[in-house]
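Asks: Below is one structure. I have some questions about it.
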Amino acid sequence: LNLLKYALNEKNYAHTLVILAISMTSPWSWQDQLEHWTKVIGDHLEQLKISSEERQAQKQQLVTLWQTYSEASDDILDPSSPMKRINRLSSADDDLDLMPLPDGCLTANYGLDIVVVVTKTDYMVTLEKDFDYREEHFDFMQQWIRRFCLQFGASLFYTSVKEDKNCDLLYKYLTHRIYDLPFRTPALVVEKDAVLM
């Protein structure tokens, strides 16, 4: 906690990405861990001397990012396609007809990019074997974590270093959000141990 002032302060607020890492080895602690750290971040942000204009601009940027999101498709991936992706954020003069956010989306908007990373998803086999977890348990866990992420506007990655699942995609996504490099991978929800939202 005492190092947070160096990692997140007035100077780097607009350029900060937060990763909240939780482990599949103890899914029963996810709620406590995520609620604790989002409260710590929220309380820390309240103490920072950031102008209300800058804070509001960051929050609005996150809202606009969600409102202009479009799933990657073949037309978007092909640069020669006549249906090129339009960067709606680049032109302030455009009269955007943006839909309102759905219920529960960005209800706790910190104006920060947040990525929730569930690590050690290879442990799901052990949860099934030793703790009698079933498909319904994993579906419930994923539903809960997706709702949590929606509340904060967070991205979600299930990763496993042991099985090399989503590690490269997480790296590419981070470089996309931090350095604005392209990221054209659509959401992945089929494999229960390699989710990407």
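Labels used: A, B, ... for chains in the order of the structure tokens, numbers from 1 for residues in each chain, and numbers from 1 for ligands as shown.
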Return as JSON lines the residues of range 47-69 of chain A lying at most 12 Å from range 169-189 of chain A, together with the closest atom-to-atom pair for each and the distance in Å to one decimal, counting only C-alpha atoms, with rows in chain order and ascending residue number.

Replies:
```
{"residue": "A:Leu62", "atom": "CA", "partner": "A:Arg177", "partner_atom": "CA", "distance": 11.6}
{"residue": "A:Leu65", "atom": "CA", "partner": "A:Arg177", "partner_atom": "CA", "distance": 11.1}
{"residue": "A:Tyr69", "atom": "CA", "partner": "A:Pro186", "partner_atom": "CA", "distance": 11.1}
```

Asks: Can I get the selection written as a compact mmCIF listing (two decimals), in the first residue's frame, with C-alpha atoms?

Replies:
```txt
# COMPACT_ATOMS: atom_id res chain seq x y z
CA LEU A 62 -13.29 5.00 -20.96
CA LEU A 65 -14.06 3.36 -25.62
CA TYR A 69 -16.09 -0.98 -29.34
```

Asks: Would you return as an mmCIF file with N, CA and C atoms, in the first residue's frame the members of range 1-195 of chain A that DSSP assigns to helix (DSSP H, G or I) on this structure's backbone?

Replies:
```cif
data_model
loop_
_atom_site.group_PDB
_atom_site.id
_atom_site.type_symbol
_atom_site.label_atom_id
_atom_site.label_comp_id
_atom_site.auth_asym_id
_atom_site.auth_seq_id
_atom_site.Cartn_x
_atom_site.Cartn_y
_atom_site.Cartn_z
ATOM 1 N N LEU A 4 2.072 2.448 -3.463
ATOM 2 C CA LEU A 4 1.079 2.833 -4.470
ATOM 3 C C LEU A 4 1.263 4.281 -4.924
ATOM 4 N N LYS A 5 1.739 5.142 -4.029
ATOM 5 C CA LYS A 5 1.932 6.551 -4.394
ATOM 6 C C LYS A 5 2.980 6.723 -5.486
ATOM 7 N N TYR A 6 3.889 5.759 -5.635
ATOM 8 C CA TYR A 6 4.892 5.835 -6.692
ATOM 9 C C TYR A 6 4.361 5.264 -8.009
ATOM 10 N N ALA A 7 3.492 4.282 -7.904
ATOM 11 C CA ALA A 7 2.962 3.629 -9.099
ATOM 12 C C ALA A 7 1.799 4.388 -9.721
ATOM 13 N N TYR A 13 -1.427 9.398 -13.807
ATOM 14 C CA TYR A 13 -2.811 8.910 -13.734
ATOM 15 C C TYR A 13 -3.392 8.616 -15.113
ATOM 16 N N ALA A 14 -3.234 9.534 -16.039
ATOM 17 C CA ALA A 14 -3.831 9.375 -17.373
ATOM 18 C C ALA A 14 -3.151 8.288 -18.198
ATOM 19 N N HIS A 15 -2.001 7.823 -17.753
ATOM 20 C CA HIS A 15 -1.235 6.838 -18.525
ATOM 21 C C HIS A 15 -1.015 5.541 -17.759
ATOM 22 N N PRO A 27 -10.375 -19.915 -6.025
ATOM 23 C CA PRO A 27 -11.468 -19.072 -6.545
ATOM 24 C C PRO A 27 -12.406 -18.556 -5.462
ATOM 25 N N TRP A 28 -12.440 -19.197 -4.312
ATOM 26 C CA TRP A 28 -13.297 -18.752 -3.211
ATOM 27 C C TRP A 28 -12.820 -17.421 -2.623
ATOM 28 N N SER A 29 -11.592 -17.015 -2.945
ATOM 29 C CA SER A 29 -11.080 -15.741 -2.417
ATOM 30 C C SER A 29 -11.142 -14.603 -3.443
ATOM 31 N N TRP A 30 -11.623 -14.876 -4.640
ATOM 32 C CA TRP A 30 -11.661 -13.850 -5.684
ATOM 33 C C TRP A 30 -12.395 -12.598 -5.242
ATOM 34 N N GLN A 31 -13.582 -12.778 -4.721
ATOM 35 C CA GLN A 31 -14.410 -11.626 -4.368
ATOM 36 C C GLN A 31 -13.705 -10.743 -3.344
ATOM 37 N N ASP A 32 -13.188 -11.336 -2.286
ATOM 38 C CA ASP A 32 -12.503 -10.553 -1.257
ATOM 39 C C ASP A 32 -11.290 -9.823 -1.824
ATOM 40 N N GLN A 33 -10.493 -10.531 -2.629
ATOM 41 C CA GLN A 33 -9.281 -9.925 -3.191
ATOM 42 C C GLN A 33 -9.617 -8.764 -4.123
ATOM 43 N N LEU A 34 -10.542 -8.991 -5.044
ATOM 44 C CA LEU A 34 -10.875 -7.950 -6.015
ATOM 45 C C LEU A 34 -11.548 -6.748 -5.352
ATOM 46 N N GLU A 35 -12.448 -7.000 -4.425
ATOM 47 C CA GLU A 35 -13.100 -5.894 -3.727
ATOM 48 C C GLU A 35 -12.097 -5.109 -2.886
ATOM 49 N N HIS A 36 -11.159 -5.819 -2.252
ATOM 50 C CA HIS A 36 -10.137 -5.149 -1.450
ATOM 51 C C HIS A 36 -9.299 -4.217 -2.319
ATOM 52 N N TRP A 37 -8.764 -4.739 -3.436
ATOM 53 C CA TRP A 37 -7.843 -3.941 -4.238
ATOM 54 C C TRP A 37 -8.537 -2.834 -5.017
ATOM 55 N N THR A 38 -9.781 -3.045 -5.436
ATOM 56 C CA THR A 38 -10.485 -1.940 -6.099
ATOM 57 C C THR A 38 -10.807 -0.840 -5.086
ATOM 58 N N LYS A 39 -11.086 -1.221 -3.840
ATOM 59 C CA LYS A 39 -11.308 -0.213 -2.792
ATOM 60 C C LYS A 39 -10.015 0.546 -2.508
ATOM 61 N N VAL A 40 -8.893 -0.170 -2.443
ATOM 62 C CA VAL A 40 -7.601 0.474 -2.210
ATOM 63 C C VAL A 40 -7.311 1.474 -3.329
ATOM 64 N N ILE A 41 -7.534 1.075 -4.565
ATOM 65 C CA ILE A 41 -7.282 1.970 -5.701
ATOM 66 C C ILE A 41 -8.240 3.160 -5.657
ATOM 67 N N GLY A 42 -9.518 2.895 -5.399
ATOM 68 C CA GLY A 42 -10.497 3.976 -5.322
ATOM 69 C C GLY A 42 -10.161 4.981 -4.235
ATOM 70 N N ASP A 43 -9.799 4.480 -3.057
ATOM 71 C CA ASP A 43 -9.431 5.370 -1.950
ATOM 72 C C ASP A 43 -8.178 6.182 -2.290
ATOM 73 N N HIS A 44 -7.218 5.524 -2.937
ATOM 74 C CA HIS A 44 -5.981 6.209 -3.332
ATOM 75 C C HIS A 44 -6.271 7.308 -4.347
ATOM 76 N N LEU A 45 -7.135 7.024 -5.310
ATOM 77 C CA LEU A 45 -7.482 8.024 -6.325
ATOM 78 C C LEU A 45 -8.162 9.238 -5.703
ATOM 79 N N GLU A 46 -8.969 9.012 -4.683
ATOM 80 C CA GLU A 46 -9.642 10.121 -4.006
ATOM 81 C C GLU A 46 -8.644 11.056 -3.331
ATOM 82 N N GLN A 47 -7.498 10.527 -2.895
ATOM 83 C CA GLN A 47 -6.495 11.338 -2.213
ATOM 84 C C GLN A 47 -5.609 12.115 -3.174
ATOM 85 N N SER A 52 -10.840 18.008 -11.390
ATOM 86 C CA SER A 52 -12.090 17.323 -11.736
ATOM 87 C C SER A 52 -12.251 17.235 -13.250
ATOM 88 N N GLU A 53 -11.709 18.202 -13.993
ATOM 89 C CA GLU A 53 -11.776 18.159 -15.454
ATOM 90 C C GLU A 53 -10.977 16.986 -15.997
ATOM 91 N N GLU A 54 -9.753 16.787 -15.489
ATOM 92 C CA GLU A 54 -8.926 15.675 -15.959
ATOM 93 C C GLU A 54 -9.554 14.335 -15.582
ATOM 94 N N ARG A 55 -10.053 14.252 -14.362
ATOM 95 C CA ARG A 55 -10.699 13.020 -13.903
ATOM 96 C C ARG A 55 -11.912 12.695 -14.775
ATOM 97 N N GLN A 56 -12.721 13.703 -15.068
ATOM 98 C CA GLN A 56 -13.914 13.501 -15.891
ATOM 99 C C GLN A 56 -13.532 13.137 -17.326
ATOM 100 N N ALA A 57 -12.480 13.754 -17.849
ATOM 101 C CA ALA A 57 -12.016 13.440 -19.212
ATOM 102 C C ALA A 57 -11.574 11.983 -19.307
ATOM 103 N N GLN A 58 -10.875 11.501 -18.291
ATOM 104 C CA GLN A 58 -10.435 10.100 -18.283
ATOM 105 C C GLN A 58 -11.627 9.157 -18.196
ATOM 106 N N LYS A 59 -12.589 9.490 -17.374
ATOM 107 C CA LYS A 59 -13.791 8.664 -17.250
ATOM 108 C C LYS A 59 -14.563 8.649 -18.557
ATOM 109 N N GLN A 60 -14.698 9.807 -19.198
ATOM 110 C CA GLN A 60 -15.428 9.875 -20.454
ATOM 111 C C GLN A 60 -14.698 9.115 -21.558
ATOM 112 N N GLN A 61 -13.381 9.146 -21.533
ATOM 113 C CA GLN A 61 -12.600 8.396 -22.525
ATOM 114 C C GLN A 61 -12.881 6.897 -22.398
ATOM 115 N N LEU A 62 -12.984 6.410 -21.180
ATOM 116 C CA LEU A 62 -13.287 5.000 -20.958
ATOM 117 C C LEU A 62 -14.712 4.666 -21.411
ATOM 118 N N VAL A 63 -15.656 5.553 -21.131
ATOM 119 C CA VAL A 63 -17.035 5.341 -21.581
ATOM 120 C C VAL A 63 -17.091 5.296 -23.101
ATOM 121 N N THR A 64 -16.431 6.241 -23.757
ATOM 122 C CA THR A 64 -16.429 6.292 -25.220
ATOM 123 C C THR A 64 -15.763 5.053 -25.804
ATOM 124 N N LEU A 65 -14.708 4.580 -25.157
ATOM 125 C CA LEU A 65 -14.055 3.357 -25.616
ATOM 126 C C LEU A 65 -15.036 2.197 -25.620
ATOM 127 N N TRP A 66 -15.843 2.085 -24.571
ATOM 128 C CA TRP A 66 -16.838 1.015 -24.497
ATOM 129 C C TRP A 66 -17.941 1.224 -25.526
ATOM 130 N N GLN A 67 -18.371 2.455 -25.718
ATOM 131 C CA GLN A 67 -19.464 2.723 -26.637
ATOM 132 C C GLN A 67 -19.064 2.537 -28.100
ATOM 133 N N ASP A 74 -13.313 -9.813 -40.482
ATOM 134 C CA ASP A 74 -12.449 -9.901 -41.658
ATOM 135 C C ASP A 74 -12.351 -8.559 -42.376
ATOM 136 N N ASP A 75 -13.460 -7.804 -42.452
ATOM 137 C CA ASP A 75 -13.427 -6.497 -43.103
ATOM 138 C C ASP A 75 -12.488 -5.552 -42.372
ATOM 139 N N ILE A 76 -12.522 -5.623 -41.061
ATOM 140 C CA ILE A 76 -11.680 -4.736 -40.262
ATOM 141 C C ILE A 76 -10.223 -5.151 -40.364
ATOM 142 N N LEU A 77 -9.969 -6.457 -40.421
ATOM 143 C CA LEU A 77 -8.601 -6.944 -40.460
ATOM 144 C C LEU A 77 -7.933 -6.668 -41.801
ATOM 145 N N THR A 121 -4.994 -21.299 -14.725
ATOM 146 C CA THR A 121 -6.244 -21.949 -15.120
ATOM 147 C C THR A 121 -6.062 -23.447 -15.355
ATOM 148 N N ASP A 122 -4.823 -23.906 -15.459
ATOM 149 C CA ASP A 122 -4.573 -25.350 -15.557
ATOM 150 C C ASP A 122 -5.019 -26.068 -14.280
ATOM 151 N N TYR A 123 -5.190 -25.338 -13.196
ATOM 152 C CA TYR A 123 -5.618 -25.909 -11.908
ATOM 153 C C TYR A 123 -7.095 -26.315 -11.925
ATOM 154 N N MET A 124 -7.814 -25.959 -12.970
ATOM 155 C CA MET A 124 -9.224 -26.326 -13.057
ATOM 156 C C MET A 124 -9.414 -27.837 -13.023
ATOM 157 N N VAL A 125 -8.478 -28.554 -13.592
ATOM 158 C CA VAL A 125 -8.535 -30.026 -13.565
ATOM 159 C C VAL A 125 -8.461 -30.526 -12.135
ATOM 160 N N THR A 126 -7.592 -29.929 -11.334
ATOM 161 C CA THR A 126 -7.464 -30.306 -9.930
ATOM 162 C C THR A 126 -8.732 -29.952 -9.156
ATOM 163 N N LEU A 127 -9.320 -28.801 -9.454
ATOM 164 C CA LEU A 127 -10.579 -28.431 -8.791
ATOM 165 C C LEU A 127 -11.678 -29.445 -9.108
ATOM 166 N N GLU A 128 -11.704 -29.923 -10.336
ATOM 167 C CA GLU A 128 -12.701 -30.936 -10.720
ATOM 168 C C GLU A 128 -12.451 -32.253 -9.989
ATOM 169 N N LYS A 129 -11.194 -32.637 -9.926
ATOM 170 C CA LYS A 129 -10.833 -33.929 -9.348
ATOM 171 C C LYS A 129 -10.910 -33.941 -7.827
ATOM 172 N N ASP A 130 -10.284 -32.957 -7.196
ATOM 173 C CA ASP A 130 -10.154 -32.965 -5.739
ATOM 174 C C ASP A 130 -11.292 -32.260 -4.998
ATOM 175 N N GLU A 135 -18.956 -28.268 -14.327
ATOM 176 C CA GLU A 135 -19.103 -27.227 -15.339
ATOM 177 C C GLU A 135 -19.913 -26.046 -14.806
ATOM 178 N N GLU A 136 -20.955 -26.343 -14.023
ATOM 179 C CA GLU A 136 -21.807 -25.291 -13.469
ATOM 180 C C GLU A 136 -21.030 -24.359 -12.541
ATOM 181 N N HIS A 137 -20.092 -24.913 -11.785
ATOM 182 C CA HIS A 137 -19.276 -24.093 -10.889
ATOM 183 C C HIS A 137 -18.432 -23.104 -11.689
ATOM 184 N N PHE A 138 -17.791 -23.620 -12.743
ATOM 185 C CA PHE A 138 -16.940 -22.762 -13.554
ATOM 186 C C PHE A 138 -17.767 -21.724 -14.312
ATOM 187 N N ASP A 139 -18.954 -22.101 -14.750
ATOM 188 C CA ASP A 139 -19.845 -21.143 -15.411
ATOM 189 C C ASP A 139 -20.250 -20.037 -14.443
ATOM 190 N N PHE A 140 -20.569 -20.415 -13.204
ATOM 191 C CA PHE A 140 -20.949 -19.423 -12.205
ATOM 192 C C PHE A 140 -19.783 -18.486 -11.898
ATOM 193 N N MET A 141 -18.579 -19.058 -11.753
ATOM 194 C CA MET A 141 -17.400 -18.249 -11.472
ATOM 195 C C MET A 141 -17.146 -17.252 -12.606
ATOM 196 N N GLN A 142 -17.253 -17.739 -13.840
ATOM 197 C CA GLN A 142 -17.019 -16.863 -14.983
ATOM 198 C C GLN A 142 -18.093 -15.772 -15.060
ATOM 199 N N GLN A 143 -19.331 -16.138 -14.779
ATOM 200 C CA GLN A 143 -20.411 -15.153 -14.794
ATOM 201 C C GLN A 143 -20.150 -14.081 -13.744
ATOM 202 N N TRP A 144 -19.731 -14.481 -12.555
ATOM 203 C CA TRP A 144 -19.481 -13.512 -11.494
ATOM 204 C C TRP A 144 -18.329 -12.580 -11.872
ATOM 205 N N ILE A 145 -17.241 -13.151 -12.371
ATOM 206 C CA ILE A 145 -16.063 -12.322 -12.676
ATOM 207 C C ILE A 145 -16.336 -11.400 -13.863
ATOM 208 N N ARG A 146 -17.157 -11.868 -14.813
ATOM 209 C CA ARG A 146 -17.490 -11.010 -15.950
ATOM 210 C C ARG A 146 -18.356 -9.835 -15.508
ATOM 211 N N ARG A 147 -19.272 -10.054 -14.581
ATOM 212 C CA ARG A 147 -20.079 -8.950 -14.045
ATOM 213 C C ARG A 147 -19.210 -7.955 -13.281
ATOM 214 N N PHE A 148 -18.270 -8.491 -12.524
ATOM 215 C CA PHE A 148 -17.354 -7.624 -11.795
ATOM 216 C C PHE A 148 -16.565 -6.757 -12.769
ATOM 217 N N CYS A 149 -16.030 -7.370 -13.813
ATOM 218 C CA CYS A 149 -15.241 -6.637 -14.802
ATOM 219 C C CYS A 149 -16.088 -5.578 -15.510
ATOM 220 N N LEU A 150 -17.316 -5.911 -15.810
ATOM 221 C CA LEU A 150 -18.217 -4.974 -16.469
ATOM 222 C C LEU A 150 -18.429 -3.734 -15.600
ATOM 223 N N GLN A 151 -18.548 -3.943 -14.320
ATOM 224 C CA GLN A 151 -18.759 -2.849 -13.367
ATOM 225 C C GLN A 151 -17.614 -1.838 -13.413
ATOM 226 N N PHE A 152 -16.378 -2.308 -13.593
ATOM 227 C CA PHE A 152 -15.206 -1.437 -13.593
ATOM 228 C C PHE A 152 -14.678 -1.141 -14.993
ATOM 229 N N CYS A 167 -1.099 -16.234 -22.687
ATOM 230 C CA CYS A 167 0.020 -15.401 -22.225
ATOM 231 C C CYS A 167 0.458 -14.428 -23.317
ATOM 232 N N ASP A 168 0.617 -14.927 -24.552
ATOM 233 C CA ASP A 168 0.983 -14.050 -25.661
ATOM 234 C C ASP A 168 -0.112 -13.040 -25.946
ATOM 235 N N LEU A 169 -1.371 -13.483 -25.861
ATOM 236 C CA LEU A 169 -2.485 -12.565 -26.102
ATOM 237 C C LEU A 169 -2.546 -11.473 -25.036
ATOM 238 N N LEU A 170 -2.267 -11.831 -23.807
ATOM 239 C CA LEU A 170 -2.245 -10.828 -22.736
ATOM 240 C C LEU A 170 -1.155 -9.798 -23.015
ATOM 241 N N TYR A 171 0.016 -10.256 -23.407
ATOM 242 C CA TYR A 171 1.112 -9.340 -23.731
ATOM 243 C C TYR A 171 0.718 -8.409 -24.883
ATOM 244 N N LYS A 172 0.127 -8.971 -25.933
ATOM 245 C CA LYS A 172 -0.286 -8.158 -27.078
ATOM 246 C C LYS A 172 -1.373 -7.164 -26.686
ATOM 247 N N TYR A 173 -2.287 -7.586 -25.827
ATOM 248 C CA TYR A 173 -3.342 -6.683 -25.385
ATOM 249 C C TYR A 173 -2.767 -5.527 -24.561
ATOM 250 N N LEU A 174 -1.834 -5.848 -23.679
ATOM 251 C CA LEU A 174 -1.213 -4.804 -22.867
ATOM 252 C C LEU A 174 -0.472 -3.791 -23.737
ATOM 253 N N THR A 175 0.260 -4.266 -24.744
ATOM 254 C CA THR A 175 0.946 -3.335 -25.640
ATOM 255 C C THR A 175 -0.065 -2.534 -26.468
ATOM 256 N N HIS A 176 -1.202 -3.139 -26.754
ATOM 257 C CA HIS A 176 -2.267 -2.422 -27.460
ATOM 258 C C HIS A 176 -2.814 -1.280 -26.605
ATOM 259 N N ARG A 177 -3.137 -1.559 -25.354
ATOM 260 C CA ARG A 177 -3.725 -0.537 -24.490
ATOM 261 C C ARG A 177 -2.692 0.518 -24.064
ATOM 262 N N ILE A 178 -1.441 0.101 -23.849
ATOM 263 C CA ILE A 178 -0.431 1.042 -23.368
ATOM 264 C C ILE A 178 0.177 1.851 -24.512
ATOM 265 N N TYR A 179 0.500 1.168 -25.637
ATOM 266 C CA TYR A 179 1.206 1.822 -26.732
ATOM 267 C C TYR A 179 0.362 1.987 -27.991
#
```

Asks: Using only C-alpha atoms, pick whichever of A:Ile50, A:Leu112, A:Leu3, A:Leu101 has the shortest atom-to-atom distance to Thr16 in chain A.

Replies: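 The shortest atom-to-atom distance to Thr16 in chain A comes from A:Leu112.
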
Asks: Just give me the gap between CA of Thr119 in chain A and CA of Asn9 in chain A in Å, one decimal is fine.

Replies: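 Between CA of Thr119 in chain A and CA of Asn9 in chain A the gap works out to 27.3 Å.
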
Asks: Using only C-alpha atoms for the distances, tell me which of A:Gly153, A:Val118, A:Val161, A:Tyr133 is nearest to Leu196 in chain A.

Replies: A:Val118

Asks: I need the residues of range 10-176 of chain A that end up classed as strand (DSSP E) by DSSP on the backbone, written out as a ChimeraX atom specification.

Replies: /A:17-23,113-119,155-158

Asks: Please, could you write that set of residues out with N, CA and C atoms as a PDB file, in the first residue's frame?

Replies:
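The file below, again-v4.pdb, is the result:
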```
ATOM      1  N   LEU A  17      -2.209   1.756 -16.385  1.00  0.00           N
ATOM      2  CA  LEU A  17      -3.019   0.558 -16.563  1.00  0.00           C
ATOM      3  C   LEU A  17      -2.836  -0.294 -15.315  1.00  0.00           C
ATOM      4  N   VAL A  18      -3.928  -0.776 -14.766  1.00  0.00           N
ATOM      5  CA  VAL A  18      -3.897  -1.561 -13.534  1.00  0.00           C
ATOM      6  C   VAL A  18      -4.205  -3.016 -13.865  1.00  0.00           C
ATOM      7  N   ILE A  19      -3.375  -3.922 -13.364  1.00  0.00           N
ATOM      8  CA  ILE A  19      -3.639  -5.352 -13.505  1.00  0.00           C
ATOM      9  C   ILE A  19      -3.975  -5.900 -12.122  1.00  0.00           C
ATOM     10  N   LEU A  20      -5.138  -6.531 -12.034  1.00  0.00           N
ATOM     11  CA  LEU A  20      -5.536  -7.215 -10.805  1.00  0.00           C
ATOM     12  C   LEU A  20      -5.427  -8.706 -11.088  1.00  0.00           C
ATOM     13  N   ALA A  21      -4.493  -9.360 -10.437  1.00  0.00           N
ATOM     14  CA  ALA A  21      -4.244 -10.785 -10.672  1.00  0.00           C
ATOM     15  C   ALA A  21      -4.822 -11.619  -9.548  1.00  0.00           C
ATOM     16  N   ILE A  22      -5.572 -12.637  -9.936  1.00  0.00           N
ATOM     17  CA  ILE A  22      -6.127 -13.592  -8.980  1.00  0.00           C
ATOM     18  C   ILE A  22      -5.821 -14.986  -9.507  1.00  0.00           C
ATOM     19  N   SER A  23      -5.871 -15.965  -8.642  1.00  0.00           N
ATOM     20  CA  SER A  23      -5.457 -17.313  -9.021  1.00  0.00           C
ATOM     21  C   SER A  23      -6.620 -18.295  -9.010  1.00  0.00           C
ATOM     22  N   ASP A 113      -7.527   2.150 -17.190  1.00  0.00           N
ATOM     23  CA  ASP A 113      -7.598   0.839 -17.831  1.00  0.00           C
ATOM     24  C   ASP A 113      -7.339  -0.199 -16.752  1.00  0.00           C
ATOM     25  N   ILE A 114      -8.249  -1.148 -16.614  1.00  0.00           N
ATOM     26  CA  ILE A 114      -8.083  -2.213 -15.630  1.00  0.00           C
ATOM     27  C   ILE A 114      -8.168  -3.542 -16.364  1.00  0.00           C
ATOM     28  N   VAL A 115      -7.254  -4.438 -16.054  1.00  0.00           N
ATOM     29  CA  VAL A 115      -7.247  -5.784 -16.619  1.00  0.00           C
ATOM     30  C   VAL A 115      -7.253  -6.765 -15.454  1.00  0.00           C
ATOM     31  N   VAL A 116      -8.245  -7.643 -15.434  1.00  0.00           N
ATOM     32  CA  VAL A 116      -8.300  -8.706 -14.432  1.00  0.00           C
ATOM     33  C   VAL A 116      -7.720  -9.949 -15.069  1.00  0.00           C
ATOM     34  N   VAL A 117      -6.688 -10.507 -14.448  1.00  0.00           N
ATOM     35  CA  VAL A 117      -6.024 -11.695 -14.974  1.00  0.00           C
ATOM     36  C   VAL A 117      -6.219 -12.842 -13.989  1.00  0.00           C
ATOM     37  N   VAL A 118      -6.884 -13.895 -14.458  1.00  0.00           N
ATOM     38  CA  VAL A 118      -7.037 -15.116 -13.665  1.00  0.00           C
ATOM     39  C   VAL A 118      -5.895 -16.035 -14.071  1.00  0.00           C
ATOM     40  N   THR A 119      -4.996 -16.302 -13.139  1.00  0.00           N
ATOM     41  CA  THR A 119      -3.825 -17.118 -13.437  1.00  0.00           C
ATOM     42  C   THR A 119      -4.068 -18.587 -13.073  1.00  0.00           C
ATOM     43  N   SER A 155     -10.981  -5.430 -18.611  1.00  0.00           N
ATOM     44  CA  SER A 155     -10.811  -6.568 -19.508  1.00  0.00           C
ATOM     45  C   SER A 155     -10.562  -7.800 -18.642  1.00  0.00           C
ATOM     46  N   LEU A 156     -10.795  -8.979 -19.213  1.00  0.00           N
ATOM     47  CA  LEU A 156     -10.637 -10.220 -18.461  1.00  0.00           C
ATOM     48  C   LEU A 156      -9.823 -11.218 -19.259  1.00  0.00           C
ATOM     49  N   PHE A 157      -8.813 -11.796 -18.637  1.00  0.00           N
ATOM     50  CA  PHE A 157      -7.980 -12.820 -19.257  1.00  0.00           C
ATOM     51  C   PHE A 157      -7.838 -14.000 -18.308  1.00  0.00           C
ATOM     52  N   TYR A 158      -8.095 -15.193 -18.801  1.00  0.00           N
ATOM     53  CA  TYR A 158      -7.739 -16.423 -18.091  1.00  0.00           C
ATOM     54  C   TYR A 158      -6.418 -16.879 -18.694  1.00  0.00           C
TER      55      TYR A 158
END
```

Asks: State, in Å with one decimal place, the distance from CA of Val195 in chain A to CA of Ala154 in chain A.

Replies: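 Separation between CA of Val195 in chain A and CA of Ala154 in chain A: 13.6 Å.
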